[in-house]
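> Contents of model04.pdb (PDB, C-alpha atoms, pLDDT in the B column) are below:
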ATOM      1  CA  MET A 974       0.000   0.000   0.000  1.00 69.00           C
ATOM      2  CA  GLN A 975       1.308   3.442  -0.881  1.00 80.00           C
ATOM      3  CA  ALA A 976       1.315   6.116   1.801  1.00 83.00           C
ATOM      4  CA  THR A 977      -1.528   8.594   1.350  1.00 93.00           C
ATOM      5  CA  HIS A 978      -0.863  10.747   4.431  1.00 97.00           C
ATOM      6  CA  THR A 979       2.200  12.311   6.020  1.00 98.00           C
ATOM      7  CA  LEU A 980       2.988  12.579   9.719  1.00 98.00           C
ATOM      8  CA  LEU A 981       5.664  15.136  10.560  1.00 98.00           C
ATOM      9  CA  ILE A 982       7.618  14.588  13.780  1.00 98.00           C
ATOM     10  CA  VAL A 983       9.646  17.650  14.740  1.00 99.00           C
ATOM     11  CA  TYR A 984      12.012  17.281  17.686  1.00 98.00           C
ATOM     12  CA  HIS A 985      14.948  18.814  19.504  1.00 98.00           C
ATOM     13  CA  SER A 986      17.163  16.920  21.907  1.00 98.00           C
ATOM     14  CA  LEU A 987      20.334  17.991  23.683  1.00 95.00           C
ATOM     15  CA  THR A 988      21.028  14.938  25.842  1.00 97.00           C
ATOM     16  CA  GLY A 989      19.306  12.258  23.754  1.00 98.00           C
ATOM     17  CA  GLY A 990      16.152  11.649  25.796  1.00 98.00           C
ATOM     18  CA  THR A 991      13.741  13.481  23.523  1.00 98.00           C
ATOM     19  CA  ARG A 992      15.405  11.981  20.440  1.00 98.00           C
ATOM     20  CA  GLN A 993      14.807   8.480  21.823  1.00 98.00           C
ATOM     21  CA  MET A 994      11.177   9.331  22.489  1.00 98.00           C
ATOM     22  CA  ALA A 995      10.695  10.753  18.976  1.00 98.00           C
ATOM     23  CA  GLU A 996      12.399   7.752  17.387  1.00 98.00           C
ATOM     24  CA  ALA A 997      10.160   5.348  19.328  1.00 98.00           C
ATOM     25  CA  ALA A 998       7.066   7.278  18.219  1.00 98.00           C
ATOM     26  CA  CYS A 999       8.386   7.244  14.650  1.00 98.00           C
ATOM     27  CA  ALA A1000       8.835   3.469  14.809  1.00 98.00           C
ATOM     28  CA  GLY A1001       5.256   3.025  16.020  1.00 98.00           C
ATOM     29  CA  ALA A1002       3.854   5.351  13.375  1.00 98.00           C
ATOM     30  CA  SER A1003       5.893   3.689  10.640  1.00 98.00           C
ATOM     31  CA  ALA A1004       3.950   0.463  11.184  1.00 97.00           C
ATOM     32  CA  GLU A1005       0.996   2.111   9.393  1.00 97.00           C
ATOM     33  CA  PRO A1006       1.597   1.662   5.634  1.00 97.00           C
ATOM     34  CA  ALA A1007      -0.851   4.411   4.642  1.00 97.00           C
ATOM     35  CA  VAL A1008       1.237   7.024   6.482  1.00 98.00           C
ATOM     36  CA  ALA A1009       4.656   8.334   5.497  1.00 98.00           C
ATOM     37  CA  VAL A1010       6.513   9.441   8.611  1.00 98.00           C
ATOM     38  CA  ARG A1011       9.058  12.258   8.464  1.00 98.00           C
ATOM     39  CA  LEU A1012      11.287  12.637  11.522  1.00 98.00           C
ATOM     40  CA  LEU A1013      13.062  15.998  11.402  1.00 98.00           C
ATOM     41  CA  HIS A1014      15.273  17.839  13.842  1.00 98.00           C
ATOM     42  CA  ALA A1015      13.738  21.239  14.609  1.00 98.00           C
ATOM     43  CA  ALA A1016      16.618  23.015  12.851  1.00 98.00           C
ATOM     44  CA  GLN A1017      15.839  21.118   9.614  1.00 98.00           C
ATOM     45  CA  ALA A1018      12.051  21.524   9.515  1.00 98.00           C
ATOM     46  CA  ASP A1019      10.550  24.405   7.563  1.00 98.00           C
ATOM     47  CA  PRO A1020       7.118  25.730   6.541  1.00 98.00           C
ATOM     48  CA  GLY A1021       7.051  23.477   3.473  1.00 98.00           C
ATOM     49  CA  ASP A1022       7.399  20.422   5.699  1.00 98.00           C
ATOM     50  CA  VAL A1023       4.531  21.634   7.881  1.00 98.00           C
ATOM     51  CA  LEU A1024       2.274  22.306   4.902  1.00 98.00           C
ATOM     52  CA  ALA A1025       3.037  18.902   3.350  1.00 98.00           C
ATOM     53  CA  ALA A1026       1.960  16.974   6.464  1.00 98.00           C
ATOM     54  CA  GLN A1027      -1.539  16.068   7.578  1.00 98.00           C
ATOM     55  CA  ALA A1028      -0.605  15.428  11.232  1.00 98.00           C
ATOM     56  CA  TYR A1029       2.126  16.503  13.644  1.00 98.00           C
ATOM     57  CA  MET A1030       4.097  15.386  16.642  1.00 98.00           C
ATOM     58  CA  PHE A1031       6.178  17.992  18.467  1.00 98.00           C
ATOM     59  CA  ALA A1032       8.887  16.639  20.803  1.00 98.00           C
ATOM     60  CA  THR A1033      11.037  18.714  23.133  1.00 98.00           C
ATOM     61  CA  PRO A1034      12.906  18.672  26.381  1.00 98.00           C
ATOM     62  CA  GLU A1035      11.596  21.072  28.972  1.00 96.00           C
ATOM     63  CA  ASN A1036      14.323  23.655  29.472  1.00 94.00           C
ATOM     64  CA  LEU A1037      13.856  26.187  32.276  1.00 92.00           C
ATOM     65  CA  ALA A1038      10.103  25.458  32.335  1.00 93.00           C
ATOM     66  CA  ALA A1039       9.730  26.015  28.572  1.00 97.00           C
ATOM     67  CA  ILE A1040      10.141  24.288  25.228  1.00 98.00           C
ATOM     68  CA  SER A1041      13.700  24.148  23.939  1.00 98.00           C
ATOM     69  CA  GLY A1042      15.058  27.157  22.081  1.00 98.00           C
ATOM     70  CA  GLN A1043      15.454  25.149  18.889  1.00 98.00           C
ATOM     71  CA  LEU A1044      11.824  24.002  18.911  1.00 98.00           C
ATOM     72  CA  LYS A1045      10.805  27.606  19.628  1.00 98.00           C
ATOM     73  CA  ASP A1046      12.929  28.677  16.640  1.00 98.00           C
ATOM     74  CA  PHE A1047      11.070  26.124  14.472  1.00 98.00           C
ATOM     75  CA  PHE A1048       7.730  27.587  15.557  1.00 98.00           C
ATOM     76  CA  ASP A1049       9.012  31.145  15.026  1.00 98.00           C
ATOM     77  CA  ARG A1050      10.153  30.339  11.476  1.00 98.00           C
ATOM     78  CA  CYS A1051       7.022  28.420  10.528  1.00 98.00           C
ATOM     79  CA  TYR A1052       4.205  30.104  12.425  1.00 98.00           C
ATOM     80  CA  TYR A1053       3.130  32.869  10.045  1.00 98.00           C
ATOM     81  CA  PRO A1054       3.917  31.118   6.736  1.00 98.00           C
ATOM     82  CA  VAL A1055       1.454  28.311   7.595  1.00 98.00           C
ATOM     83  CA  LEU A1056      -1.105  30.266   9.650  1.00 98.00           C
ATOM     84  CA  ASP A1057      -4.681  29.533   8.479  1.00 98.00           C
ATOM     85  CA  ARG A1058      -3.371  26.869   6.098  1.00 98.00           C
ATOM     86  CA  ILE A1059      -3.293  23.870   8.463  1.00 98.00           C
ATOM     87  CA  ASN A1060      -6.439  24.443  10.512  1.00 98.00           C
ATOM     88  CA  GLY A1061      -7.985  21.370  12.111  1.00 98.00           C
ATOM     89  CA  ARG A1062      -5.062  19.023  11.585  1.00 98.00           C
ATOM     90  CA  PRO A1063      -4.253  16.656  14.471  1.00 98.00           C
ATOM     91  CA  TYR A1064      -1.212  16.894  16.708  1.00 98.00           C
ATOM     92  CA  VAL A1065       0.340  15.372  19.818  1.00 98.00           C
ATOM     93  CA  SER A1066       3.335  16.367  21.908  1.00 98.00           C
ATOM     94  CA  LEU A1067       6.180  14.566  23.653  1.00 98.00           C
ATOM     95  CA  ILE A1068       8.011  16.229  26.543  1.00 98.00           C
ATOM     96  CA  CYS A1069      11.190  14.979  28.221  1.00 98.00           C
ATOM     97  CA  ALA A1070      11.343  16.738  31.586  1.00 97.00           C
ATOM     98  CA  GLY A1071      13.536  16.677  34.650  1.00 95.00           C
ATOM     99  CA  SER A1072      10.662  17.219  37.039  1.00 91.00           C
ATOM    100  CA  ASP A1073       7.350  18.374  35.583  1.00 94.00           C
ATOM    101  CA  GLY A1074       6.967  19.142  31.878  1.00 97.00           C
ATOM    102  CA  GLN A1075       3.623  20.900  32.198  1.00 98.00           C
ATOM    103  CA  ASN A1076       4.857  24.363  31.190  1.00 98.00           C
ATOM    104  CA  ALA A1077       6.445  23.064  27.989  1.00 98.00           C
ATOM    105  CA  ALA A1078       3.247  21.147  27.226  1.00 98.00           C
ATOM    106  CA  ARG A1079       1.168  24.298  27.783  1.00 98.00           C
ATOM    107  CA  GLN A1080       3.481  26.310  25.540  1.00 98.00           C
ATOM    108  CA  ILE A1081       3.077  23.830  22.670  1.00 98.00           C
ATOM    109  CA  ALA A1082      -0.686  23.767  23.244  1.00 98.00           C
ATOM    110  CA  ARG A1083      -0.879  27.570  23.013  1.00 98.00           C
ATOM    111  CA  ILE A1084       1.072  27.603  19.750  1.00 98.00           C
ATOM    112  CA  ALA A1085      -1.037  24.760  18.361  1.00 98.00           C
ATOM    113  CA  THR A1086      -4.197  26.654  19.353  1.00 98.00           C
ATOM    114  CA  GLY A1087      -2.971  29.628  17.351  1.00 98.00           C
ATOM    115  CA  TRP A1088      -2.419  27.321  14.390  1.00 98.00           C
ATOM    116  CA  ARG A1089      -5.915  25.934  15.065  1.00 98.00           C
ATOM    117  CA  LEU A1090      -4.588  22.388  15.338  1.00 98.00           C
ATOM    118  CA  LYS A1091      -6.556  19.697  17.141  1.00 98.00           C
ATOM    119  CA  ALA A1092      -4.934  17.874  20.068  1.00 98.00           C
ATOM    120  CA  VAL A1093      -5.813  14.192  19.735  1.00 98.00           C
ATOM    121  CA  ALA A1094      -4.085  12.989  22.929  1.00 98.00           C
ATOM    122  CA  ASP A1095      -2.803  14.445  26.171  1.00 98.00           C
ATOM    123  CA  PRO A1096       0.869  15.447  26.119  1.00 98.00           C
ATOM    124  CA  LEU A1097       3.095  12.463  26.813  1.00 98.00           C
ATOM    125  CA  ILE A1098       5.561  13.592  29.485  1.00 98.00           C
ATOM    126  CA  VAL A1099       8.516  11.464  30.542  1.00 98.00           C
ATOM    127  CA  CYS A1100      10.148  12.587  33.775  1.00 97.00           C
ATOM    128  CA  THR A1101      13.872  11.813  34.115  1.00 97.00           C
ATOM    129  CA  HIS A1102      14.114  13.278  37.649  1.00 95.00           C
ATOM    130  CA  ALA A1103      17.330  15.059  36.629  1.00 95.00           C
ATOM    131  CA  GLN A1104      17.753  17.839  39.190  1.00 92.00           C
ATOM    132  CA  THR A1105      21.455  18.639  39.456  1.00 93.00           C
ATOM    133  CA  PRO A1106      23.482  20.386  36.744  1.00 92.00           C
ATOM    134  CA  GLU A1107      25.420  17.154  36.197  1.00 95.00           C
ATOM    135  CA  ALA A1108      22.280  15.028  35.889  1.00 94.00           C
ATOM    136  CA  ILE A1109      20.530  17.571  33.666  1.00 93.00           C
ATOM    137  CA  LEU A1110      23.447  17.698  31.221  1.00 93.00           C
ATOM    138  CA  ALA A1111      24.190  13.944  31.287  1.00 96.00           C
ATOM    139  CA  PRO A1112      23.174  11.763  28.335  1.00 96.00           C
ATOM    140  CA  LYS A1113      19.720  10.305  28.984  1.00 97.00           C
ATOM    141  CA  GLN A1114      18.511   6.744  28.638  1.00 97.00           C
ATOM    142  CA  ILE A1115      14.717   6.564  28.464  1.00 98.00           C
ATOM    143  CA  GLY A1116      13.274   3.400  29.999  1.00 98.00           C
ATOM    144  CA  ALA A1117      11.611   0.682  27.964  1.00 98.00           C
ATOM    145  CA  ASP A1118       8.147   1.338  29.436  1.00 98.00           C
ATOM    146  CA  ASP A1119       8.281   5.023  28.533  1.00 98.00           C
ATOM    147  CA  LEU A1120       9.605   4.248  25.047  1.00 98.00           C
ATOM    148  CA  GLU A1121       6.711   1.822  24.587  1.00 98.00           C
ATOM    149  CA  ARG A1122       4.279   4.608  25.533  1.00 98.00           C
ATOM    150  CA  CYS A1123       5.894   6.817  22.860  1.00 98.00           C
ATOM    151  CA  ARG A1124       5.756   4.010  20.285  1.00 98.00           C
ATOM    152  CA  ALA A1125       2.090   3.398  21.061  1.00 98.00           C
ATOM    153  CA  LEU A1126       1.258   7.092  20.732  1.00 98.00           C
ATOM    154  CA  GLY A1127       2.966   7.251  17.336  1.00 98.00           C
ATOM    155  CA  GLU A1128       1.103   4.147  16.209  1.00 98.00           C
ATOM    156  CA  ALA A1129      -2.238   5.521  17.434  1.00 98.00           C
ATOM    157  CA  LEU A1130      -1.718   8.862  15.690  1.00 98.00           C
ATOM    158  CA  ALA A1131      -0.764   7.214  12.388  1.00 98.00           C
ATOM    159  CA  THR A1132      -3.627   4.705  12.581  1.00 98.00           C
ATOM    160  CA  GLY A1133      -6.161   7.436  13.347  1.00 97.00           C
ATOM    161  CA  LEU A1134      -4.847   9.490  10.446  1.00 97.00           C
ATOM    162  CA  ALA A1135      -5.001   6.518   8.067  1.00 96.00           C
ATOM    163  CA  LEU A1136      -8.563   5.648   9.131  1.00 96.00           C
ATOM    164  CA  GLY A1137      -9.772   9.234   8.863  1.00 94.00           C
ATOM    165  CA  VAL A1138     -10.597   9.421  12.568  1.00 94.00           C
ATOM    166  CA  PHE A1139      -8.944  12.829  12.668  1.00 89.00           C
TER     167      PHE A1139
END
What would the structure in this file look like if it were written as structure tokens?

Amino acid sequence: MQATHTLLIVYHSLTGGTRQMAEAACAGASAEPAVAVRLLHAAQADPGDVLAAQAYMFATPENLAAISGQLKDFFDRCYYPVLDRINGRPYVSLICAGSDGQNAARQIARIATGWRLKAVADPLIVCTHAQTPEAILAPKQIGADDLERCRALGEALATGLALGVF
């Protein structure tokens, strides 16, 4: 079966945790043959990528109670060029956080509201409990259970897109 829909996964990761989460979601989504999955680092993604996709996954670490600067840069570069051109499309978010993740999730939700996207799942937040400068900057290893949650979310998003649920 040839892919008839595109899911764009845009991520930024400094210590590897968010990248692992995005890759797991990509693997789950890739199981759906009707959906082409594009996994792009935030620095690589542009308005054309956003316009070409029918669904989105935004993945970021929470840095200082906010989305990462590189994901913010992606939104800054793409926001106005795609405004009112992607209304109603589904999205989900992945957050890799040291303690909470809620502020980064709210920030993505506010941007997505401006784009008039439709959240189709609650933000998936993985807490690493990194609280010291050393732990925060250390390479992360996301646990198998959390990676399975990410994989399942990617699969659910792609399946829903393929079936026309959203």
> Rounded to one decimal in Å, what is the spacing between CA of Cys1123 (chain A) and CA of Ile982 (chain A)?
12.1 Å
> Counting only C-alpha atoms, note down every residue that has an atom within 9 Å of the point (13.7, 13.9, 22.8) (file coordinates), as a ChimeraX atom specification.
/A:984-996,1032-1034,1067-1069
> Just the selected residues (C-alpha atoms), exported as a PDB file, keeping the file's coordinate frame, please.

ATOM      1  CA  TYR A 984      12.012  17.281  17.686  1.00 98.00           C
ATOM      2  CA  HIS A 985      14.948  18.814  19.504  1.00 98.00           C
ATOM      3  CA  SER A 986      17.163  16.920  21.907  1.00 98.00           C
ATOM      4  CA  LEU A 987      20.334  17.991  23.683  1.00 95.00           C
ATOM      5  CA  THR A 988      21.028  14.938  25.842  1.00 97.00           C
ATOM      6  CA  GLY A 989      19.306  12.258  23.754  1.00 98.00           C
ATOM      7  CA  GLY A 990      16.152  11.649  25.796  1.00 98.00           C
ATOM      8  CA  THR A 991      13.741  13.481  23.523  1.00 98.00           C
ATOM      9  CA  ARG A 992      15.405  11.981  20.440  1.00 98.00           C
ATOM     10  CA  GLN A 993      14.807   8.480  21.823  1.00 98.00           C
ATOM     11  CA  MET A 994      11.177   9.331  22.489  1.00 98.00           C
ATOM     12  CA  ALA A 995      10.695  10.753  18.976  1.00 98.00           C
ATOM     13  CA  GLU A 996      12.399   7.752  17.387  1.00 98.00           C
ATOM     14  CA  ALA A1032       8.887  16.639  20.803  1.00 98.00           C
ATOM     15  CA  THR A1033      11.037  18.714  23.133  1.00 98.00           C
ATOM     16  CA  PRO A1034      12.906  18.672  26.381  1.00 98.00           C
ATOM     17  CA  LEU A1067       6.180  14.566  23.653  1.00 98.00           C
ATOM     18  CA  ILE A1068       8.011  16.229  26.543  1.00 98.00           C
ATOM     19  CA  CYS A1069      11.190  14.979  28.221  1.00 98.00           C
TER      20      CYS A1069
END
> Which is closest to Gly1116 (chain A) among A:Ala997, A:Leu1024, A:Leu1013, A:Ile1084, if we use all atoms listed in the file?
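Once distances to Gly1116 (chain A) are computed over all atoms listed in the file, the minimum belongs to A:Ala997.
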> For the PyMOL selection byres ((chain A and resi 1045) around 12), applied here, can you spell out every residue it catches as a ChimeraX atom specification?
/A:983-985,1015-1016,1018,1031-1036,1039-1044,1046-1052,1077,1080-1081,1084
> Next, the residues of the selection above should be written as a PDB file, keeping the file's coordinate frame with C-alpha atoms.

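This is the output file out_6.pdb:
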ATOM      1  CA  VAL A 983       9.646  17.650  14.740  1.00 99.00           C
ATOM      2  CA  TYR A 984      12.012  17.281  17.686  1.00 98.00           C
ATOM      3  CA  HIS A 985      14.948  18.814  19.504  1.00 98.00           C
ATOM      4  CA  ALA A1015      13.738  21.239  14.609  1.00 98.00           C
ATOM      5  CA  ALA A1016      16.618  23.015  12.851  1.00 98.00           C
ATOM      6  CA  ALA A1018      12.051  21.524   9.515  1.00 98.00           C
ATOM      7  CA  PHE A1031       6.178  17.992  18.467  1.00 98.00           C
ATOM      8  CA  ALA A1032       8.887  16.639  20.803  1.00 98.00           C
ATOM      9  CA  THR A1033      11.037  18.714  23.133  1.00 98.00           C
ATOM     10  CA  PRO A1034      12.906  18.672  26.381  1.00 98.00           C
ATOM     11  CA  GLU A1035      11.596  21.072  28.972  1.00 96.00           C
ATOM     12  CA  ASN A1036      14.323  23.655  29.472  1.00 94.00           C
ATOM     13  CA  ALA A1039       9.730  26.015  28.572  1.00 97.00           C
ATOM     14  CA  ILE A1040      10.141  24.288  25.228  1.00 98.00           C
ATOM     15  CA  SER A1041      13.700  24.148  23.939  1.00 98.00           C
ATOM     16  CA  GLY A1042      15.058  27.157  22.081  1.00 98.00           C
ATOM     17  CA  GLN A1043      15.454  25.149  18.889  1.00 98.00           C
ATOM     18  CA  LEU A1044      11.824  24.002  18.911  1.00 98.00           C
ATOM     19  CA  ASP A1046      12.929  28.677  16.640  1.00 98.00           C
ATOM     20  CA  PHE A1047      11.070  26.124  14.472  1.00 98.00           C
ATOM     21  CA  PHE A1048       7.730  27.587  15.557  1.00 98.00           C
ATOM     22  CA  ASP A1049       9.012  31.145  15.026  1.00 98.00           C
ATOM     23  CA  ARG A1050      10.153  30.339  11.476  1.00 98.00           C
ATOM     24  CA  CYS A1051       7.022  28.420  10.528  1.00 98.00           C
ATOM     25  CA  TYR A1052       4.205  30.104  12.425  1.00 98.00           C
ATOM     26  CA  ALA A1077       6.445  23.064  27.989  1.00 98.00           C
ATOM     27  CA  GLN A1080       3.481  26.310  25.540  1.00 98.00           C
ATOM     28  CA  ILE A1081       3.077  23.830  22.670  1.00 98.00           C
ATOM     29  CA  ILE A1084       1.072  27.603  19.750  1.00 98.00           C
TER      30      ILE A1084
END
> Hey, which of A:Leu981, A:Val1008, A:Ala1092, A:Ile1059 ends up closest to Ala1026 (chain A)? Count only C-alpha atoms.
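Using only C-alpha atoms, Ala1026 (chain A) sits closest to A:Leu981.
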> Restricting the calculation to only C-alpha atoms, which member of A:Thr979, A:Asn1076, A:Asn1060, A:Thr1086 is positioned closest to Ser1003 (chain A)?
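Of the candidates, the smallest distance to Ser1003 (chain A) is held by A:Thr979.
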> Which is closest to Ala1078 (chain A) among A:Pro1020, A:Pro1096, A:Pro1006, A:Pro1054, if we use only C-alpha atoms?
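Ranked by minimum distance to Ala1078 (chain A), first place goes to A:Pro1096.
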> Run the PyMOL selection byres ((chain A and resi 1101) around 8) against the file shown and list the residues it catches, as a ChimeraX atom specification.
/A:1069-1072,1099-1100,1102-1103,1113,1115
> Using only C-alpha atoms, which residue out of A:Gly1127, A:Gly1074, A:Pro1112, A:Pro1063 lies closest to Val1010 (chain A)?
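Closest residue, counting only C-alpha atoms: A:Gly1127.
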> From the set A:Met1030, A:Leu1090, A:Ala976, A:Ala1082, which residue has the shortest atom-to-atom contact distance to Val1065 (chain A), counting only C-alpha atoms?
A:Met1030
> One decimal, Å: what's the distance from CA of Leu1037 (chain A) over to CA of Leu1126 (chain A), could you say?
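Interatomic distance here is 25.6 Å.
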> Can you pull out the residues contacting Val1138 (chain A)? Cut-off 12 Å, using all atoms listed in the file, and skip same-chain residues under 2 positions away; I want them as a list in words.
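These residues fall inside the cut-off: Ala1028, Arg1062, Pro1063, Lys1091, Val1093, Ala1129, Leu1130, Ala1131, Thr1132, Gly1133, Leu1134, Ala1135 and Leu1136 of chain A.
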> Quick one: write out the picked residues with C-alpha atoms as a CSV table (one decimal), keeping the file's coordinate frame?

chain,number,residue,atom,x,y,z
A,1028,ALA,CA,-0.6,15.4,11.2
A,1062,ARG,CA,-5.1,19.0,11.6
A,1063,PRO,CA,-4.3,16.7,14.5
A,1091,LYS,CA,-6.6,19.7,17.1
A,1093,VAL,CA,-5.8,14.2,19.7
A,1129,ALA,CA,-2.2,5.5,17.4
A,1130,LEU,CA,-1.7,8.9,15.7
A,1131,ALA,CA,-0.8,7.2,12.4
A,1132,THR,CA,-3.6,4.7,12.6
A,1133,GLY,CA,-6.2,7.4,13.3
A,1134,LEU,CA,-4.8,9.5,10.4
A,1135,ALA,CA,-5.0,6.5,8.1
A,1136,LEU,CA,-8.6,5.6,9.1
> In Å, how far is it from CA of Gly1001 (chain A) to CA of Leu1097 (chain A)?
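These atoms are spaced 14.5 Å apart.
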> Using only the atoms of region 1026-1043 of chain A listed in the file, plus 6 Å on each side, state the axis-aligned box centre and edge lengths in Å rounded to one decimal, as lines of an AutoDock Vina configuration file.

center_x = 7.0
center_y = 21.3
center_z = 19.4
size_x = 29.0
size_y = 23.8
size_z = 37.9
